[in-house]
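Containing mmCIF, C-alpha atoms: entry_3.cif.
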data_query
loop_
_atom_site.label_atom_id
_atom_site.label_comp_id
_atom_site.auth_asym_id
_atom_site.auth_seq_id
_atom_site.Cartn_x
_atom_site.Cartn_y
_atom_site.Cartn_z
CA THR A 144 -69.86 19.21 75.60
CA PRO A 145 -73.25 20.83 74.97
CA ASP A 146 -72.31 24.08 76.71
CA SER A 147 -68.84 24.73 75.26
CA GLY A 148 -66.90 24.91 72.02
CA TYR A 149 -69.00 27.67 70.43
CA THR A 150 -68.00 31.02 68.97
CA GLY A 151 -70.01 34.19 68.63
CA GLU A 152 -72.77 34.14 66.04
CA THR A 153 -72.13 35.58 62.60
CA LYS A 154 -74.48 36.26 59.71
CA LEU A 155 -74.56 33.60 57.01
CA ALA A 156 -74.09 35.62 53.82
CA LEU A 157 -76.70 33.90 51.65
CA PRO A 158 -76.90 34.85 47.96
CA ASP A 159 -79.01 37.97 47.26
CA ASP A 160 -79.08 38.86 50.98
CA LYS A 161 -82.87 38.57 51.36
CA TRP A 162 -85.02 37.70 54.36
CA ALA A 163 -84.44 34.03 55.25
CA ILE A 164 -85.48 31.56 57.96
CA ASP A 165 -85.38 27.84 58.79
CA GLY A 166 -81.99 27.14 57.22
CA THR A 167 -80.56 23.62 57.18
CA LEU A 168 -77.07 22.49 56.12
CA PHE A 169 -76.58 19.00 54.69
CA THR A 170 -74.36 16.99 52.34
CA PHE A 171 -75.69 15.22 49.26
CA GLY A 172 -73.75 13.89 46.29
CA SER A 173 -70.41 14.81 47.93
CA GLN A 174 -71.51 18.47 47.92
CA ARG A 175 -72.53 20.65 50.88
CA TRP A 176 -75.90 22.36 50.46
CA PHE A 177 -77.99 24.87 52.39
CA VAL A 178 -81.80 24.99 52.06
CA TRP A 179 -84.06 27.67 53.55
CA SER A 180 -87.33 29.59 53.31
CA GLY A 181 -87.25 33.16 52.05
CA TRP A 182 -88.60 35.92 49.86
CA ALA A 183 -87.88 36.55 46.22
CA GLY A 184 -87.59 40.31 46.78
CA ASP A 185 -87.78 42.74 49.68
CA THR A 186 -91.47 42.29 50.54
CA ASN A 187 -93.35 39.34 51.99
CA VAL A 188 -95.44 38.31 48.98
CA GLU A 189 -94.89 34.59 49.53
CA GLN A 190 -92.29 32.35 51.16
CA ASN A 191 -90.41 30.05 48.81
CA LEU A 192 -87.81 27.35 49.33
CA TYR A 193 -84.28 28.06 48.09
CA ILE A 194 -81.11 26.00 47.88
CA ALA A 195 -77.46 27.00 47.45
CA ARG A 196 -74.16 25.18 47.21
CA MET A 197 -71.75 25.67 50.11
CA SER A 198 -67.96 25.67 49.88
CA SER A 199 -67.73 25.21 53.66
CA PRO A 200 -70.26 24.84 56.50
CA THR A 201 -70.53 28.65 56.67
CA THR A 202 -69.73 29.86 53.14
CA PRO A 203 -72.23 29.83 50.25
CA ALA A 204 -70.86 29.27 46.76
CA GLY A 205 -72.72 30.79 43.85
CA ALA A 206 -76.37 31.73 43.42
CA ARG A 207 -79.49 30.73 45.29
CA HIS A 208 -81.93 28.54 43.37
CA ILE A 209 -85.67 28.32 43.94
CA ILE A 210 -86.97 24.77 44.36
CA SER A 211 -90.55 25.29 45.55
CA GLN A 212 -93.27 27.94 45.62
CA PRO A 213 -96.66 27.67 47.37
CA ARG A 214 -98.65 27.43 44.15
CA GLU A 215 -100.72 24.25 44.60
CA SER A 216 -104.37 24.66 45.67
CA TRP A 217 -103.92 22.55 48.81
CA GLU A 218 -101.05 24.78 50.03
CA ARG A 219 -102.97 27.99 49.37
CA VAL A 220 -105.83 27.39 51.82
CA VAL A 221 -104.37 29.88 54.32
CA GLY A 222 -102.25 32.76 53.11
CA ASN A 223 -101.22 36.39 53.51
CA PRO A 224 -98.62 35.27 52.82
CA PHE A 225 -98.75 31.77 51.34
CA ILE A 226 -95.79 29.82 52.62
CA ASN A 227 -93.34 26.99 52.09
CA GLU A 228 -91.04 26.80 55.12
CA GLY A 229 -89.29 24.50 57.59
CA PRO A 230 -87.37 22.44 54.97
CA GLU A 231 -85.71 19.28 56.30
CA PRO A 232 -83.62 16.98 54.06
CA VAL A 233 -83.72 13.19 54.19
CA LYS A 234 -82.57 10.42 51.81
CA ASP A 235 -84.89 7.59 50.79
CA PRO A 236 -83.95 3.89 50.47
CA ASN A 237 -82.99 4.49 46.80
CA GLY A 238 -80.64 7.30 47.82
CA GLN A 239 -82.87 10.03 46.36
CA LEU A 240 -83.06 13.37 48.13
CA HIS A 241 -86.29 14.58 49.73
CA ILE A 242 -87.04 17.96 51.26
CA VAL A 243 -90.00 17.69 53.63
CA TYR A 244 -91.44 21.13 54.37
CA SER A 245 -94.36 22.95 56.00
CA ALA A 246 -97.17 24.53 53.99
CA ASN A 247 -100.10 26.82 54.78
CA GLY A 248 -100.00 29.42 57.54
CA SER A 249 -98.27 28.36 60.76
CA TRP A 250 -100.92 30.43 62.57
CA SER A 251 -103.73 28.07 61.44
CA ASP A 252 -104.74 24.44 61.87
CA GLN A 253 -104.24 24.02 58.11
CA TYR A 254 -100.48 23.88 58.73
CA CYS A 255 -99.14 20.60 57.37
CA LEU A 256 -96.10 18.72 56.06
CA ALA A 257 -95.54 17.99 52.37
CA ASP A 258 -92.69 16.50 50.37
CA LEU A 259 -90.35 17.43 47.52
CA ARG A 260 -88.62 14.45 45.88
CA LEU A 261 -85.60 14.99 43.61
CA ARG A 262 -85.80 12.72 40.60
CA ALA A 263 -83.12 10.05 40.29
CA GLY A 264 -79.97 11.68 38.94
CA GLY A 265 -81.58 15.11 39.18
CA ASP A 266 -79.87 18.45 39.78
CA PRO A 267 -80.86 19.94 43.17
CA THR A 268 -80.59 23.46 41.72
CA TYR A 269 -83.00 22.77 38.83
CA VAL A 270 -86.57 23.38 39.95
CA TRP A 271 -88.08 21.05 37.31
CA ASP A 272 -86.14 18.08 38.72
CA TRP A 273 -88.18 18.35 41.93
CA TYR A 274 -91.58 16.63 42.19
CA LYS A 275 -94.05 17.68 44.89
CA SER A 276 -96.49 15.46 46.78
CA ASN A 277 -100.06 15.89 45.57
CA GLY A 278 -101.27 17.13 48.94
CA CYS A 279 -100.29 17.19 52.58
CA LEU A 280 -98.66 14.04 53.93
CA PHE A 281 -99.15 15.01 57.60
CA GLY A 282 -102.05 17.31 58.39
CA SER A 283 -105.38 17.57 60.16
CA HIS A 284 -107.75 18.32 57.24
CA ARG A 285 -108.79 15.52 54.92
CA ALA A 286 -109.55 17.94 52.07
CA THR A 287 -105.87 18.88 51.70
CA MET A 288 -104.36 15.43 52.23
CA MET A 289 -102.70 13.50 49.42
CA PRO A 290 -105.01 10.68 48.27
CA GLY A 291 -104.38 7.60 50.42
CA TRP A 292 -103.04 9.62 53.37
CA ASP A 293 -105.24 10.11 56.46
CA PRO A 294 -105.54 13.23 58.64
CA THR A 295 -104.40 13.32 62.24
CA LEU A 296 -106.59 12.06 65.09
CA HIS A 297 -105.14 13.77 68.16
CA VAL A 298 -103.47 17.02 67.04
CA ASP A 299 -104.23 19.92 64.72
CA GLY A 300 -101.85 21.59 62.30
CA PRO A 301 -98.73 19.40 62.62
CA GLY A 302 -95.83 21.31 61.16
CA HIS A 303 -92.16 22.25 61.35
CA HIS A 304 -90.43 18.99 62.16
CA SER A 305 -87.08 17.33 62.61
CA PHE A 306 -86.04 13.84 61.55
CA VAL A 307 -84.05 12.00 64.21
CA LEU A 308 -81.01 10.75 62.28
CA LEU A 309 -77.75 9.24 63.50
CA ASP A 310 -75.33 12.16 64.01
CA GLY A 311 -77.90 14.38 62.28
CA ASP A 312 -76.55 13.19 58.91
CA ILE A 313 -78.83 12.36 55.96
CA GLY A 314 -76.20 9.82 54.94
CA THR A 315 -77.60 7.77 57.84
CA SER A 316 -81.23 8.17 56.73
CA PRO A 317 -83.19 5.04 57.66
CA PRO A 318 -83.90 2.36 55.06
CA ALA A 319 -87.29 0.90 54.25
CA GLY A 320 -88.67 -1.08 57.16
CA PRO A 321 -90.23 -0.19 60.50
CA ARG A 322 -91.08 3.26 61.76
CA PHE A 323 -88.40 5.78 62.68
CA PRO A 324 -88.52 8.75 65.07
CA LEU A 325 -89.19 12.40 64.34
CA MET A 326 -90.27 15.47 66.26
CA PHE A 327 -92.89 18.02 65.23
CA HIS A 328 -95.01 20.73 66.73
CA ALA A 329 -98.80 20.87 66.76
CA VAL A 330 -101.77 21.89 68.90
CA PRO A 331 -103.88 19.33 70.80
CA LYS A 332 -107.30 18.86 69.24
CA GLY A 333 -109.96 20.85 71.07
CA THR A 334 -107.48 23.64 71.82
CA PRO A 335 -107.54 27.02 70.03
CA TYR A 336 -104.85 27.04 67.37
CA THR A 337 -102.32 29.68 68.39
CA TRP A 338 -98.55 29.73 68.44
CA GLU A 339 -98.73 29.88 72.23
CA ASN A 340 -100.68 26.60 72.33
CA ARG A 341 -98.21 24.61 70.23
CA TYR A 342 -96.27 21.79 71.83
CA TRP A 343 -93.37 19.66 70.63
CA TYR A 344 -94.38 16.06 70.01
CA THR A 345 -92.46 12.90 69.27
CA GLY A 346 -93.87 10.83 66.44
CA THR A 347 -92.72 8.32 63.86
CA PHE A 348 -92.50 7.99 60.09
CA CYS A 349 -91.90 5.25 57.58
CA TRP A 350 -91.02 5.14 53.90
CA TRP A 351 -93.91 4.42 51.54
CA GLY A 352 -92.93 3.05 48.16
CA ASN A 353 -94.32 3.21 44.62
CA THR A 354 -95.90 6.64 45.11
CA THR A 355 -96.53 8.88 42.12
CA TYR A 356 -96.21 12.66 42.31
CA SER A 357 -97.65 14.69 39.42
CA ARG A 358 -96.81 18.07 37.89
CA ALA A 359 -98.53 20.11 35.21
CA ASN A 360 -97.00 22.33 32.53
CA VAL A 361 -93.41 21.18 33.08
CA PRO A 362 -90.66 20.76 30.48
CA GLY A 363 -89.99 17.17 31.53
CA ALA A 364 -92.08 14.21 32.62
CA ASN A 365 -95.41 15.07 34.25
CA THR A 366 -95.17 12.25 36.78
CA ASN A 367 -92.48 10.69 38.92
CA THR A 368 -92.82 7.50 40.96
CA GLY A 369 -90.72 6.62 43.97
CA TRP A 370 -90.62 6.66 47.74
CA SER A 371 -92.84 8.93 49.82
CA LEU A 372 -93.37 9.11 53.59
CA LYS A 373 -96.14 8.32 56.03
CA PHE A 374 -96.23 10.05 59.40
CA PHE A 375 -97.76 8.85 62.65
CA GLU A 376 -98.72 10.74 65.80
#
This structure in structure tokens:
Amino acid sequence: TPDSGYTGETKLALPDDKWAIDGTLFTFGSQRWFVWSGWAGDTNVEQNLYIARMSSPTTPAGARHIISQPRESWERVVGNPFINEGPEPVKDPNGQLHIVYSANGSWSDQYCLADLRLRAGGDPTYVWDWYKSNGCLFGSHRATMMPGWDPTLHVDGPGHHSFVLLDGDIGTSPPAGPRFPLMFHAVPKGTPYTWENRYWYTGTFCWWGNTTYSRANVPGANTNTGWSLKFFE
């Protein structure tokens, strides 16, 4: 039942023991993983996304591995610090792993959702196997949107979200087809953008095929084509 069966909270002993938020546990490729937003060191210079293997739902195994830093121009519009946070895993119709995350300051209407797509057969711990969307996929400013994606009409700064999956399992991620449900928070347009003015909203998303993500100065291929996502208010 929702109000029973719990034990007292304990600290999850993540590798390097640094500041960490927005953690999510999931299984991919018969391996448990944990992904979160945190700092490289002991000061808040920028928030990166990290991933670690898990030997159980509560026990990390091995090192943490960085998979994303807020280094693209469209995710550096609002900083101090610049952030990647709120990572949520989902599997596309080809079975490839995506981590959809929030970029730009959560205290501004530039907050938005972007996507990391793991290349087919890629290693989740190898940063160069991840390809990032070329802009926000869900946001309220056209200048930072990925080409072909439109800004929101009714809300500002949509961010930190949750896919609604059967049993909360990415193994049940929806296939290509109609829209599927998600939840996100944002501020109604015409309202000052503050944390206090954020509301939870229900929305939808669908898979969007044949989408190319590009990377510069990488050891592998500069482009990767596959599924992306479109979000709807």
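Non-sequential neighbours of A:Arg260 (distance at most 10 Å, separation of 4 or more positions within a chain, all atoms listed in the file) are Pro232, Val233, Lys234, Asp235, Gln239, Leu240, His241, Ile242, Val243, Gly265, Pro267, Asp272, Trp273, Tyr274, Lys275, Ser276, Tyr356, Asn367, Thr368, Gly369, Trp370 and Ser371 of chain A.
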Evaluate the PyMOL selection byres ((chain A and resi 163) around 6) and report residues as a PyMOL selection string: chain A and resi 162+164+180-181
Go ahead and save the residues from that selection, with C-alpha atoms, as a compact mmCIF listing (two decimals), in the coordinates of the input.
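In the end it all went to selection-v8.txt:
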# COMPACT_ATOMS: atom_id res chain seq x y z
CA TRP A 162 -85.02 37.70 54.36
CA ILE A 164 -85.48 31.56 57.96
CA SER A 180 -87.33 29.59 53.31
CA GLY A 181 -87.25 33.16 52.05
If the PyMOL selection byres ((chain A and resi 329-331) around 10) were run on this exact file, what residues would it hold? Put them as a PDB file with C-alpha atoms, in the frame of the given file.
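The result, written out as selection_20.pdb:
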ATOM      1  CA  SER A 249     -98.270  28.360  60.760  1.00  0.00           C
ATOM      2  CA  SER A 251    -103.730  28.070  61.440  1.00  0.00           C
ATOM      3  CA  ASP A 252    -104.740  24.440  61.870  1.00  0.00           C
ATOM      4  CA  TYR A 254    -100.480  23.880  58.730  1.00  0.00           C
ATOM      5  CA  CYS A 255     -99.140  20.600  57.370  1.00  0.00           C
ATOM      6  CA  GLY A 282    -102.050  17.310  58.390  1.00  0.00           C
ATOM      7  CA  SER A 283    -105.380  17.570  60.160  1.00  0.00           C
ATOM      8  CA  LEU A 296    -106.590  12.060  65.090  1.00  0.00           C
ATOM      9  CA  HIS A 297    -105.140  13.770  68.160  1.00  0.00           C
ATOM     10  CA  VAL A 298    -103.470  17.020  67.040  1.00  0.00           C
ATOM     11  CA  ASP A 299    -104.230  19.920  64.720  1.00  0.00           C
ATOM     12  CA  GLY A 300    -101.850  21.590  62.300  1.00  0.00           C
ATOM     13  CA  PRO A 301     -98.730  19.400  62.620  1.00  0.00           C
ATOM     14  CA  GLY A 302     -95.830  21.310  61.160  1.00  0.00           C
ATOM     15  CA  HIS A 303     -92.160  22.250  61.350  1.00  0.00           C
ATOM     16  CA  HIS A 304     -90.430  18.990  62.160  1.00  0.00           C
ATOM     17  CA  PHE A 327     -92.890  18.020  65.230  1.00  0.00           C
ATOM     18  CA  HIS A 328     -95.010  20.730  66.730  1.00  0.00           C
ATOM     19  CA  LYS A 332    -107.300  18.860  69.240  1.00  0.00           C
ATOM     20  CA  GLY A 333    -109.960  20.850  71.070  1.00  0.00           C
ATOM     21  CA  THR A 334    -107.480  23.640  71.820  1.00  0.00           C
ATOM     22  CA  PRO A 335    -107.540  27.020  70.030  1.00  0.00           C
ATOM     23  CA  TYR A 336    -104.850  27.040  67.370  1.00  0.00           C
ATOM     24  CA  THR A 337    -102.320  29.680  68.390  1.00  0.00           C
ATOM     25  CA  TRP A 338     -98.550  29.730  68.440  1.00  0.00           C
ATOM     26  CA  GLU A 339     -98.730  29.880  72.230  1.00  0.00           C
ATOM     27  CA  ASN A 340    -100.680  26.600  72.330  1.00  0.00           C
ATOM     28  CA  ARG A 341     -98.210  24.610  70.230  1.00  0.00           C
ATOM     29  CA  TYR A 342     -96.270  21.790  71.830  1.00  0.00           C
ATOM     30  CA  TRP A 343     -93.370  19.660  70.630  1.00  0.00           C
ATOM     31  CA  TYR A 344     -94.380  16.060  70.010  1.00  0.00           C
TER      32      TYR A 344
END
Nearby residues (only C-alpha atoms) at most 12 Å from A:Ser216, same-chain spacing under 6 positions excluded, as a PyMOL selection string: chain A and resi 222+225+246-247+277-279+286-289
Got a sec: who's within 9 Å of A:Ile226, counting only C-alpha atoms, leaving out chain neighbours fewer than 6 positions off, as a ChimeraX atom specification? /A:180,189-192,212-213,218-219,245-249
Serialized selection, C-alpha atoms, as a PDB file, keeping the file's coordinate frame:
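The result, written out as out.pdb:
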ATOM      1  CA  SER A 180     -87.330  29.590  53.310  1.00  0.00           C
ATOM      2  CA  GLU A 189     -94.890  34.590  49.530  1.00  0.00           C
ATOM      3  CA  GLN A 190     -92.290  32.350  51.160  1.00  0.00           C
ATOM      4  CA  ASN A 191     -90.410  30.050  48.810  1.00  0.00           C
ATOM      5  CA  LEU A 192     -87.810  27.350  49.330  1.00  0.00           C
ATOM      6  CA  GLN A 212     -93.270  27.940  45.620  1.00  0.00           C
ATOM      7  CA  PRO A 213     -96.660  27.670  47.370  1.00  0.00           C
ATOM      8  CA  GLU A 218    -101.050  24.780  50.030  1.00  0.00           C
ATOM      9  CA  ARG A 219    -102.970  27.990  49.370  1.00  0.00           C
ATOM     10  CA  SER A 245     -94.360  22.950  56.000  1.00  0.00           C
ATOM     11  CA  ALA A 246     -97.170  24.530  53.990  1.00  0.00           C
ATOM     12  CA  ASN A 247    -100.100  26.820  54.780  1.00  0.00           C
ATOM     13  CA  GLY A 248    -100.000  29.420  57.540  1.00  0.00           C
ATOM     14  CA  SER A 249     -98.270  28.360  60.760  1.00  0.00           C
TER      15      SER A 249
END
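Going from atom CA of A:Gly172 to atom CA of A:Ser316 covers 14.1 Å.
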How about completing stretch 214-225 of chain A with all heavy atoms and giving it to me as a PDB file, in the frame of the given file?
ATOM      1  N   ARG A 214     -97.762  27.168  45.271  1.00  0.00           N
ATOM      2  CA  ARG A 214     -98.650  27.430  44.150  1.00  0.00           C
ATOM      3  C   ARG A 214     -99.737  26.376  43.951  1.00  0.00           C
ATOM      4  O   ARG A 214    -100.595  26.538  43.093  1.00  0.00           O
ATOM      5  CB  ARG A 214     -97.823  27.569  42.865  1.00  0.00           C
ATOM      6  CG  ARG A 214     -96.771  28.682  42.912  1.00  0.00           C
ATOM      7  CD  ARG A 214     -97.407  30.056  42.955  1.00  0.00           C
ATOM      8  NE  ARG A 214     -96.436  31.132  43.103  1.00  0.00           N
ATOM      9  CZ  ARG A 214     -95.774  31.674  42.086  1.00  0.00           C
ATOM     10  NH1 ARG A 214     -95.959  31.231  40.856  1.00  0.00           N
ATOM     11  NH2 ARG A 214     -94.923  32.672  42.305  1.00  0.00           N
ATOM     12  N   GLU A 215     -99.686  25.276  44.730  1.00  0.00           N
ATOM     13  CA  GLU A 215    -100.720  24.250  44.600  1.00  0.00           C
ATOM     14  C   GLU A 215    -101.946  24.652  45.437  1.00  0.00           C
ATOM     15  O   GLU A 215    -101.824  25.299  46.472  1.00  0.00           O
ATOM     16  CB  GLU A 215    -100.196  22.893  45.067  1.00  0.00           C
ATOM     17  CG  GLU A 215     -98.971  22.406  44.307  1.00  0.00           C
ATOM     18  CD  GLU A 215     -99.239  22.234  42.823  1.00  0.00           C
ATOM     19  OE1 GLU A 215    -100.346  21.773  42.469  1.00  0.00           O
ATOM     20  OE2 GLU A 215     -98.343  22.560  42.013  1.00  0.00           O
ATOM     21  N   SER A 216    -103.129  24.238  44.997  1.00  0.00           N
ATOM     22  CA  SER A 216    -104.370  24.660  45.670  1.00  0.00           C
ATOM     23  C   SER A 216    -104.398  24.234  47.130  1.00  0.00           C
ATOM     24  O   SER A 216    -104.871  24.983  47.996  1.00  0.00           O
ATOM     25  CB  SER A 216    -105.582  24.090  44.936  1.00  0.00           C
ATOM     26  OG  SER A 216    -105.544  22.669  44.907  1.00  0.00           O
ATOM     27  N   TRP A 217    -103.863  23.056  47.441  1.00  0.00           N
ATOM     28  CA  TRP A 217    -103.920  22.550  48.810  1.00  0.00           C
ATOM     29  C   TRP A 217    -102.929  23.250  49.731  1.00  0.00           C
ATOM     30  O   TRP A 217    -103.042  23.123  50.957  1.00  0.00           O
ATOM     31  CB  TRP A 217    -103.668  21.031  48.827  1.00  0.00           C
ATOM     32  CG  TRP A 217    -102.436  20.605  48.094  1.00  0.00           C
ATOM     33  CD1 TRP A 217    -102.354  20.216  46.787  1.00  0.00           C
ATOM     34  CD2 TRP A 217    -101.095  20.544  48.612  1.00  0.00           C
ATOM     35  NE1 TRP A 217    -101.049  19.910  46.454  1.00  0.00           N
ATOM     36  CE2 TRP A 217    -100.266  20.096  47.553  1.00  0.00           C
ATOM     37  CE3 TRP A 217    -100.527  20.805  49.859  1.00  0.00           C
ATOM     38  CZ2 TRP A 217     -98.900  19.920  47.700  1.00  0.00           C
ATOM     39  CZ3 TRP A 217     -99.166  20.638  50.024  1.00  0.00           C
ATOM     40  CH2 TRP A 217     -98.375  20.193  48.952  1.00  0.00           C
ATOM     41  N   GLU A 218    -101.961  24.011  49.179  1.00  0.00           N
ATOM     42  CA  GLU A 218    -101.050  24.780  50.030  1.00  0.00           C
ATOM     43  C   GLU A 218    -101.335  26.274  49.939  1.00  0.00           C
ATOM     44  O   GLU A 218    -100.521  27.102  50.339  1.00  0.00           O
ATOM     45  CB  GLU A 218     -99.580  24.472  49.688  1.00  0.00           C
ATOM     46  CG  GLU A 218     -99.186  24.693  48.251  1.00  0.00           C
ATOM     47  CD  GLU A 218     -97.757  24.267  47.923  1.00  0.00           C
ATOM     48  OE1 GLU A 218     -96.989  23.891  48.832  1.00  0.00           O
ATOM     49  OE2 GLU A 218     -97.413  24.317  46.731  1.00  0.00           O
ATOM     50  N   ARG A 219    -102.526  26.597  49.436  1.00  0.00           N
ATOM     51  CA  ARG A 219    -102.970  27.990  49.370  1.00  0.00           C
ATOM     52  C   ARG A 219    -104.328  28.157  50.064  1.00  0.00           C
ATOM     53  O   ARG A 219    -105.126  29.023  49.728  1.00  0.00           O
ATOM     54  CB  ARG A 219    -103.057  28.443  47.907  1.00  0.00           C
ATOM     55  CG  ARG A 219    -101.713  28.493  47.222  1.00  0.00           C
ATOM     56  CD  ARG A 219    -101.831  28.905  45.764  1.00  0.00           C
ATOM     57  NE  ARG A 219    -102.236  30.301  45.603  1.00  0.00           N
ATOM     58  CZ  ARG A 219    -101.405  31.338  45.607  1.00  0.00           C
ATOM     59  NH1 ARG A 219    -100.104  31.142  45.796  1.00  0.00           N
ATOM     60  NH2 ARG A 219    -101.858  32.561  45.417  1.00  0.00           N
ATOM     61  N   VAL A 220    -104.587  27.308  51.050  1.00  0.00           N
ATOM     62  CA  VAL A 220    -105.830  27.390  51.820  1.00  0.00           C
ATOM     63  C   VAL A 220    -105.768  28.556  52.797  1.00  0.00           C
ATOM     64  O   VAL A 220    -106.747  29.255  53.027  1.00  0.00           O
ATOM     65  CB  VAL A 220    -106.106  26.067  52.552  1.00  0.00           C
ATOM     66  CG1 VAL A 220    -107.380  26.149  53.371  1.00  0.00           C
ATOM     67  CG2 VAL A 220    -106.194  24.916  51.550  1.00  0.00           C
ATOM     68  N   VAL A 221    -104.599  28.761  53.384  1.00  0.00           N
ATOM     69  CA  VAL A 221    -104.370  29.880  54.320  1.00  0.00           C
ATOM     70  C   VAL A 221    -103.163  30.656  53.820  1.00  0.00           C
ATOM     71  O   VAL A 221    -102.094  30.074  53.584  1.00  0.00           O
ATOM     72  CB  VAL A 221    -104.130  29.375  55.754  1.00  0.00           C
ATOM     73  CG1 VAL A 221    -103.739  30.531  56.661  1.00  0.00           C
ATOM     74  CG2 VAL A 221    -105.377  28.682  56.278  1.00  0.00           C
ATOM     75  N   GLY A 222    -103.339  31.965  53.652  1.00  0.00           N
ATOM     76  CA  GLY A 222    -102.250  32.760  53.110  1.00  0.00           C
ATOM     77  C   GLY A 222    -102.030  34.066  53.820  1.00  0.00           C
ATOM     78  O   GLY A 222    -102.247  34.182  55.022  1.00  0.00           O
ATOM     79  N   ASN A 223    -101.598  35.061  53.021  1.00  0.00           N
ATOM     80  CA  ASN A 223    -101.220  36.390  53.510  1.00  0.00           C
ATOM     81  C   ASN A 223    -100.086  36.328  54.527  1.00  0.00           C
ATOM     82  O   ASN A 223    -100.209  36.835  55.624  1.00  0.00           O
ATOM     83  CB  ASN A 223    -102.426  37.123  54.097  1.00  0.00           C
ATOM     84  CG  ASN A 223    -102.135  38.620  54.292  1.00  0.00           C
ATOM     85  OD1 ASN A 223    -101.287  39.186  53.610  1.00  0.00           O
ATOM     86  ND2 ASN A 223    -102.815  39.236  55.236  1.00  0.00           N
ATOM     87  N   PRO A 224     -98.937  35.801  54.151  1.00  0.00           N
ATOM     88  CA  PRO A 224     -98.620  35.270  52.820  1.00  0.00           C
ATOM     89  C   PRO A 224     -98.865  33.757  52.745  1.00  0.00           C
ATOM     90  O   PRO A 224     -99.066  33.095  53.761  1.00  0.00           O
ATOM     91  CB  PRO A 224     -97.126  35.547  52.704  1.00  0.00           C
ATOM     92  CG  PRO A 224     -96.642  35.300  54.105  1.00  0.00           C
ATOM     93  CD  PRO A 224     -97.735  35.837  55.004  1.00  0.00           C
ATOM     94  N   PHE A 225     -98.826  33.216  51.515  1.00  0.00           N
ATOM     95  CA  PHE A 225     -98.750  31.770  51.340  1.00  0.00           C
ATOM     96  C   PHE A 225     -97.300  31.359  51.585  1.00  0.00           C
ATOM     97  O   PHE A 225     -96.366  32.097  51.264  1.00  0.00           O
ATOM     98  CB  PHE A 225     -99.180  31.384  49.925  1.00  0.00           C
ATOM     99  CG  PHE A 225    -100.609  31.736  49.636  1.00  0.00           C
ATOM    100  CD1 PHE A 225    -100.919  32.748  48.736  1.00  0.00           C
ATOM    101  CD2 PHE A 225    -101.645  31.075  50.277  1.00  0.00           C
ATOM    102  CE1 PHE A 225    -102.244  33.078  48.476  1.00  0.00           C
ATOM    103  CE2 PHE A 225    -102.973  31.402  50.027  1.00  0.00           C
ATOM    104  CZ  PHE A 225    -103.271  32.409  49.128  1.00  0.00           C
TER     105      PHE A 225
END
